[in-house]
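First comes the structure, then the notes that go with it.
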Amino acid sequence: MQAQYVSNDPEYLKCGKSDCDVSIAGKCAVKTCGATLSFHVINIRTDIEFVMFTGGFETPCILNRSDPIKFANPNQPLYARVASVDSTATSMRLTWVSGDRSPQQVQYGDAQTAHSSVSTFSQDDMCTSWLESPAVDFGWHDPGFIHSAIMTGLRPSSNYSYKYGSDSVGWSDEMKLRTPPASGSDELKFLAYGDMGKAPLDSSVEHYTQPGSVSVIKAMEEEVSSGGRVDSIFHIGDISYATGFMAEWDFFLHLISPLASQLPYMTAIGNHERDYIDSGSVYVTPDSGGECGVAYETYFPMPTAGKDKPWYSIEQGPVHFTVISTEHNWTQNSEQVDLVLFGHVHNYERTCAVYKEECRGMPTKDSNGVDTYHNSNYTAPVHAVIGMAGFELDSFTQTDNSWSLVRISKFGYLRVHATKSELHAEIQEMWMMASESLNAWQIDVPNDVAAALRRGLLRARSLDESGALLDETLEVALALRRGSGEDHACAHHQHQLRGHEFCMGQESYEFE
Ligand SMILES: [Fe+2]
């Protein structure tokens with residue numbers, strides 16, 4: 001549900017478009033002032049209604065509503081994204097959405113075909129408790145059917161064209177994808193970020209928007225379309241922030257599809273996909289709005305250990321990615337492993353090579369002035385927070401921690417180029433040209449493949465504002481446990497929601 005103020009039309013307040021409704025003795029006795037608003041609508045398969053209301057979001061009073069407007073083809077196959085299924089890069093999964101439950105297919109390469117398996121989820125799969133949840137109680141929208149087909153027989157690092165759909169529901173446009181480099185090959189270039197979400201493409205307000213998301217996606221699209229080679233993308237949690245307002249998943253998928261349809265869009269789960277009270281999440285918060293990971297796992301099938309076990313590891317080129325879920329048990333001897341990149345805190349921060357708050361290795365400037373960590377004598381991992389892809393930015397604590405080397409609070413994403421001997425990373429700020437970067441650094445790794453593969457990705461949790469900012473993350477990272485970071489995130493989200501009681505949006509509820 002999205003809403004706009006009629007005062008968005010500059011002609012409205014000065015009554016630039018007026019009609020005389022009642023004339024008395026040739027004089028206008030009742031004049032009305034008109035306004036025109038534009039809404040950007042995407043195909044969410046179900047009918048759309050426009051409702052005119054007054055009284056604001058707190059005490060809405062409906063004045064008029066349109067007849068339901070139907071989509072020409074609610075079954076249209078839409079919002080394709082591709083993902084790796086293993087480290088060989090010879091099979092790729094394509095996932096899309098349609099209003100139709102019959103299997104469809106993807107046609108790719110030289111007349112090859114793969115049929116879709118079809119899944120969906122219902123309101124019964126969502127979580128609720130003593131605290132009403134948007135997903136069950138007031139934000140539900142039918143997700144249609146999620147189709148997923150595995151294209152096999154592909155070559156690594158190769159371009160393919162494809163289309164998906166069926167004769168009965170129609171076909172997508174001709175699409176293009178590129179497979180990633182196979183495990184063990186020499187090079188990988190990937191983009192990474194957390195906490196992106198979505199924002200309306202018109203001037204609407206909705207329950208939860210992430211102001212940087214549209215620009216960041218656009219910057220990445222431009223990077224890819226201008227010929228900058230990107231092999232894959234890792235979105236490490238806090239994916240759509242639909243948080244139980246289910247139609248917002250479609251808006252998010254629509255936003256990323258131009259990019260995600262052409263290169264592997266790999267994901268990790270975040271608190272805003274998984275956490276809910278009494279649902280088995282590690283953190284007892286309502287942050288997923290009652291989705292409990294079900295929507296995320298259905299929309300983004302990854303090569304995971306199983307249902308509600310959303311962790312996996314995969315290799316692309318010379319990089320071994322370990323994707324964990326901090327929302328499930330990840331203590332020692334649990335089913336999971338450990339890490340390097342973090343989201344959840346909405347900014348960018350990079351450390352020295354650090355272990356238990358102590359710098360074990362500092363970078364030195366190379367001849368281009370790039371901070372270089374010399375890990376041929378490996379001591380400890382470098383940590384970077386990269387939760388700056390869309391959600392309103394966080395500021396930093398005042399505390400000066402010697403292990404924190406760089407702090408930037410701007411929207412952007414991480415670009416990484418890995419070879420067998422070096423991992424070069426830079427932060428792309430959204431309005432910069434792709435050739436520039438805000439903060440570049442690199443890690444030289446020993447010329448030893450096993451060590452070169454010791455790279456990980458994960459979600460981590462927030463820290464409080466009192467100076468424990470990275471201490472806690474480091475504790476999480478190194479001791480595999482977490483303290484009380486949620487308060488910070490909760491306070492932040494409450495701020496976004498103008499003081500509502502819980503860390504999720506209830507504005508739409510009130511407005512219904
Ligand atoms: Fe977040």
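Chain labels A, B, ... are given in the sequence in which chains occur in the structure tokens; within each chain residues are numbered consecutively from 1, and ligands are likewise numbered from 1 in the order shown.
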
Q: May I have the residues within 12 Å of stretch 218-231 of chain A as a count of residues only, using only C-alpha atoms and disregarding those fewer than 5 positions away in the same chain?
A: 60

Report as JSON lines: every residue of chain A with an atom at most 7 Å from ligand 1, its closest pair of atoms, and their distance in Å to one decimal, counting only C-alpha atoms and all ligand atoms, with rows sorted by chain and ascending residue number.
{"residue": "A:Asp195", "atom": "CA", "partner": "ligand 1", "partner_atom_place_in_ligand_line": "1 (Fe)", "distance": 4.4}
{"residue": "A:Asp238", "atom": "CA", "partner": "ligand 1", "partner_atom_place_in_ligand_line": "1 (Fe)", "distance": 5.3}
{"residue": "A:Gly343", "atom": "CA", "partner": "ligand 1", "partner_atom_place_in_ligand_line": "1 (Fe)", "distance": 6.9}
{"residue": "A:His344", "atom": "CA", "partner": "ligand 1", "partner_atom_place_in_ligand_line": "1 (Fe)", "distance": 4.2}
{"residue": "A:Val345", "atom": "CA", "partner": "ligand 1", "partner_atom_place_in_ligand_line": "1 (Fe)", "distance": 6.3}
{"residue": "A:His346", "atom": "CA", "partner": "ligand 1", "partner_atom_place_in_ligand_line": "1 (Fe)", "distance": 6.4}
{"residue": "A:Gly387", "atom": "CA", "partner": "ligand 1", "partner_atom_place_in_ligand_line": "1 (Fe)", "distance": 6.7}
{"residue": "A:Phe391", "atom": "CA", "partner": "ligand 1", "partner_atom_place_in_ligand_line": "1 (Fe)", "distance": 6.5}

Keeping only N, CA and C atoms, take the residues you just selected and write them out as a PDB file, in the first residue's frame.
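Contents of the output file part21.pdb:
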ATOM      1  N   ASP A 195      21.687  -4.759   3.585  1.00  0.00           N
ATOM      2  CA  ASP A 195      20.749  -3.728   4.033  1.00  0.00           C
ATOM      3  C   ASP A 195      20.289  -2.790   2.930  1.00  0.00           C
ATOM      4  N   ASP A 238      19.170  -8.496   5.166  1.00  0.00           N
ATOM      5  CA  ASP A 238      18.259  -7.362   5.082  1.00  0.00           C
ATOM      6  C   ASP A 238      18.043  -7.047   3.610  1.00  0.00           C
ATOM      7  N   GLY A 343      26.845  -6.854   7.541  1.00  0.00           N
ATOM      8  CA  GLY A 343      25.835  -5.828   7.289  1.00  0.00           C
ATOM      9  C   GLY A 343      25.226  -5.446   8.628  1.00  0.00           C
ATOM     10  N   HIS A 344      23.979  -5.025   8.573  1.00  0.00           N
ATOM     11  CA  HIS A 344      23.144  -4.685   9.739  1.00  0.00           C
ATOM     12  C   HIS A 344      23.415  -3.284  10.268  1.00  0.00           C
ATOM     13  N   VAL A 345      24.665  -2.902  10.428  1.00  0.00           N
ATOM     14  CA  VAL A 345      24.959  -1.513  10.756  1.00  0.00           C
ATOM     15  C   VAL A 345      25.025  -0.778   9.423  1.00  0.00           C
ATOM     16  N   HIS A 346      24.348   0.373   9.344  1.00  0.00           N
ATOM     17  CA  HIS A 346      24.144   0.980   8.032  1.00  0.00           C
ATOM     18  C   HIS A 346      25.207   2.027   7.709  1.00  0.00           C
ATOM     19  N   GLY A 387      26.930  -2.329   5.351  1.00  0.00           N
ATOM     20  CA  GLY A 387      25.459  -2.232   5.362  1.00  0.00           C
ATOM     21  C   GLY A 387      24.974  -0.893   4.840  1.00  0.00           C
ATOM     22  N   PHE A 391      19.370   1.390   3.208  1.00  0.00           N
ATOM     23  CA  PHE A 391      18.696   1.820   4.437  1.00  0.00           C
ATOM     24  C   PHE A 391      19.326   3.119   4.931  1.00  0.00           C
TER      25      PHE A 391
END

Q) So which residues touch A:Val136 within 12 Å, counting only C-alpha atoms, skipping near sequence neighbours fewer than 4 positions away, as a PyMOL selection string? A) chain A and resi 121-129+131-132+140-142+243-246+288-292+509

Q) Pick from A:Cys359, A:Asn401, A:Ile324, A:Pro318: nearest to A:Leu423, with only C-alpha atoms counted? A) A:Pro318

Q. Interatomic distance between atom CA of A:His40 and atom CA of A:Leu201?
A. 6.2 Å

Considering only C-alpha atoms, return as a compact mmCIF listing (two decimals) with C-alpha atoms, in the first residue's frame whatever protein or nucleic-acid residues lie within 8 Å of A:Met362, sequence-local ones (same chain, fewer than 2 positions apart) excluded.
# COMPACT_ATOMS: atom_id res chain seq x y z
CA CYS A 352 43.11 -3.56 10.89
CA ALA A 353 43.84 -7.30 10.90
CA CYS A 359 45.56 -5.03 15.83
CA ARG A 360 47.73 -7.92 14.75
CA THR A 364 50.79 -0.01 4.56
CA TYR A 373 47.44 -5.71 4.27

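Using only C-alpha atoms, the nearest neighbour of A:Ser117 within the list A:Asn64, A:Gln398, A:Gln105, A:Ser203 is A:Gln105.
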
Q | Those in stretch 188-242 of chain A with alpha helix (DSSP H) from DSSP, as a ChimeraX atom specification | A | /A:213-225

Could you write those residues out with C-alpha atoms, as a compact mmCIF listing (two decimals), in the first residue's frame?
# COMPACT_ATOMS: atom_id res chain seq x y z
CA SER A 213 18.42 1.70 -2.54
CA VAL A 214 17.31 3.01 -5.93
CA SER A 215 20.51 4.99 -6.52
CA VAL A 216 22.73 2.12 -5.44
CA ILE A 217 20.99 -0.35 -7.75
CA LYS A 218 21.24 2.17 -10.58
CA ALA A 219 24.95 2.69 -9.98
CA MET A 220 25.57 -1.06 -10.13
CA GLU A 221 23.46 -1.41 -13.27
CA GLU A 222 25.48 1.32 -14.91
CA GLU A 223 28.70 -0.35 -13.85
CA VAL A 224 27.59 -3.61 -15.45
CA SER A 225 26.02 -2.10 -18.59

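Rounded to one decimal, atom CA of A:Asp67 and atom CA of A:Thr36 lie 17.6 Å from each other.
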
Which of stretch 250-381 of chain A DSSP labels strand (DSSP E), written as a PDB file with C-alpha atoms, in the first residue's frame:
ATOM      1  CA  TYR A 265      22.526 -12.718  -7.146  1.00  0.00           C
ATOM      2  CA  MET A 266      23.645 -14.573  -4.029  1.00  0.00           C
ATOM      3  CA  THR A 267      22.014 -13.798  -0.703  1.00  0.00           C
ATOM      4  CA  ALA A 268      22.288 -14.303   3.040  1.00  0.00           C
ATOM      5  CA  TYR A 312      25.922 -22.454   2.605  1.00  0.00           C
ATOM      6  CA  SER A 313      29.350 -22.192   1.156  1.00  0.00           C
ATOM      7  CA  ILE A 314      30.316 -21.881  -2.444  1.00  0.00           C
ATOM      8  CA  GLU A 315      33.370 -21.142  -4.534  1.00  0.00           C
ATOM      9  CA  GLN A 316      33.609 -18.753  -7.426  1.00  0.00           C
ATOM     10  CA  VAL A 319      37.275 -17.201  -3.559  1.00  0.00           C
ATOM     11  CA  HIS A 320      35.596 -19.480  -1.046  1.00  0.00           C
ATOM     12  CA  PHE A 321      32.448 -17.851   0.357  1.00  0.00           C
ATOM     13  CA  THR A 322      31.032 -19.026   3.645  1.00  0.00           C
ATOM     14  CA  VAL A 323      27.549 -17.616   4.131  1.00  0.00           C
ATOM     15  CA  LEU A 341      31.998  -9.065   5.870  1.00  0.00           C
ATOM     16  CA  PHE A 342      29.125  -7.615   7.877  1.00  0.00           C
ATOM     17  CA  TYR A 348      30.982   1.391   6.045  1.00  0.00           C
ATOM     18  CA  GLU A 349      33.802   0.624   8.447  1.00  0.00           C
ATOM     19  CA  ARG A 350      37.069  -1.258   8.028  1.00  0.00           C
ATOM     20  CA  THR A 351      39.481  -2.557  10.639  1.00  0.00           C
ATOM     21  CA  CYS A 352      43.109  -3.565  10.893  1.00  0.00           C
ATOM     22  CA  ALA A 353      43.839  -7.298  10.898  1.00  0.00           C
ATOM     23  CA  VAL A 354      42.272  -7.722  14.288  1.00  0.00           C
ATOM     24  CA  TYR A 355      41.908 -10.363  16.973  1.00  0.00           C
ATOM     25  CA  GLU A 358      44.005  -5.929  19.153  1.00  0.00           C
ATOM     26  CA  CYS A 359      45.564  -5.029  15.834  1.00  0.00           C
ATOM     27  CA  ARG A 360      47.727  -7.918  14.749  1.00  0.00           C
ATOM     28  CA  GLY A 361      48.545  -6.331  11.404  1.00  0.00           C
ATOM     29  CA  THR A 364      50.789  -0.007   4.560  1.00  0.00           C
ATOM     30  CA  LYS A 365      50.335   2.230   1.513  1.00  0.00           C
ATOM     31  CA  ASP A 371      46.105   0.461   1.989  1.00  0.00           C
ATOM     32  CA  THR A 372      47.640  -3.000   1.651  1.00  0.00           C
ATOM     33  CA  TYR A 373      47.444  -5.714   4.268  1.00  0.00           C
ATOM     34  CA  HIS A 374      50.365  -8.130   3.973  1.00  0.00           C
TER      35      HIS A 374
END

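The residue that comes closest to A:Gly56, out of A:Ala3, A:Phe71, A:Ile150, A:Leu78 and on the basis of only C-alpha atoms, is A:Ala3.
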
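Taking atom CA of A:Ser7 as the reference point, atom CA of A:Glu58 is found at 18.0 Å.
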
Tell me which protein, DNA and RNA residues are within 8 Å of A:Val106, counting only C-alpha atoms, leaving out same-chain ones fewer than 2 positions away, and put them as a PDB file with C-alpha atoms, in the first residue's frame.
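Printed below is out_17.pdb as written:
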ATOM      1  CA  LEU A  94      16.726 -19.144 -12.611  1.00  0.00           C
ATOM      2  CA  GLN A 104       6.835 -23.166 -17.066  1.00  0.00           C
ATOM      3  CA  TYR A 108      18.516 -21.038 -23.087  1.00  0.00           C
ATOM      4  CA  THR A 113      15.168 -26.207 -22.048  1.00  0.00           C
ATOM      5  CA  ALA A 114      14.689 -26.582 -18.286  1.00  0.00           C
ATOM      6  CA  HIS A 115      11.266 -26.976 -16.673  1.00  0.00           C
ATOM      7  CA  SER A 116      10.366 -25.086 -13.518  1.00  0.00           C
ATOM      8  CA  ALA A 149      14.521 -23.991 -13.028  1.00  0.00           C
ATOM      9  CA  MET A 151      19.946 -24.612 -16.399  1.00  0.00           C
ATOM     10  CA  TYR A 162      17.451 -17.040 -22.373  1.00  0.00           C
ATOM     11  CA  LYS A 163      13.754 -16.462 -22.056  1.00  0.00           C
ATOM     12  CA  TYR A 164      11.303 -17.850 -19.532  1.00  0.00           C
ATOM     13  CA  GLY A 165       7.562 -18.483 -19.380  1.00  0.00           C
TER      14      GLY A 165
END
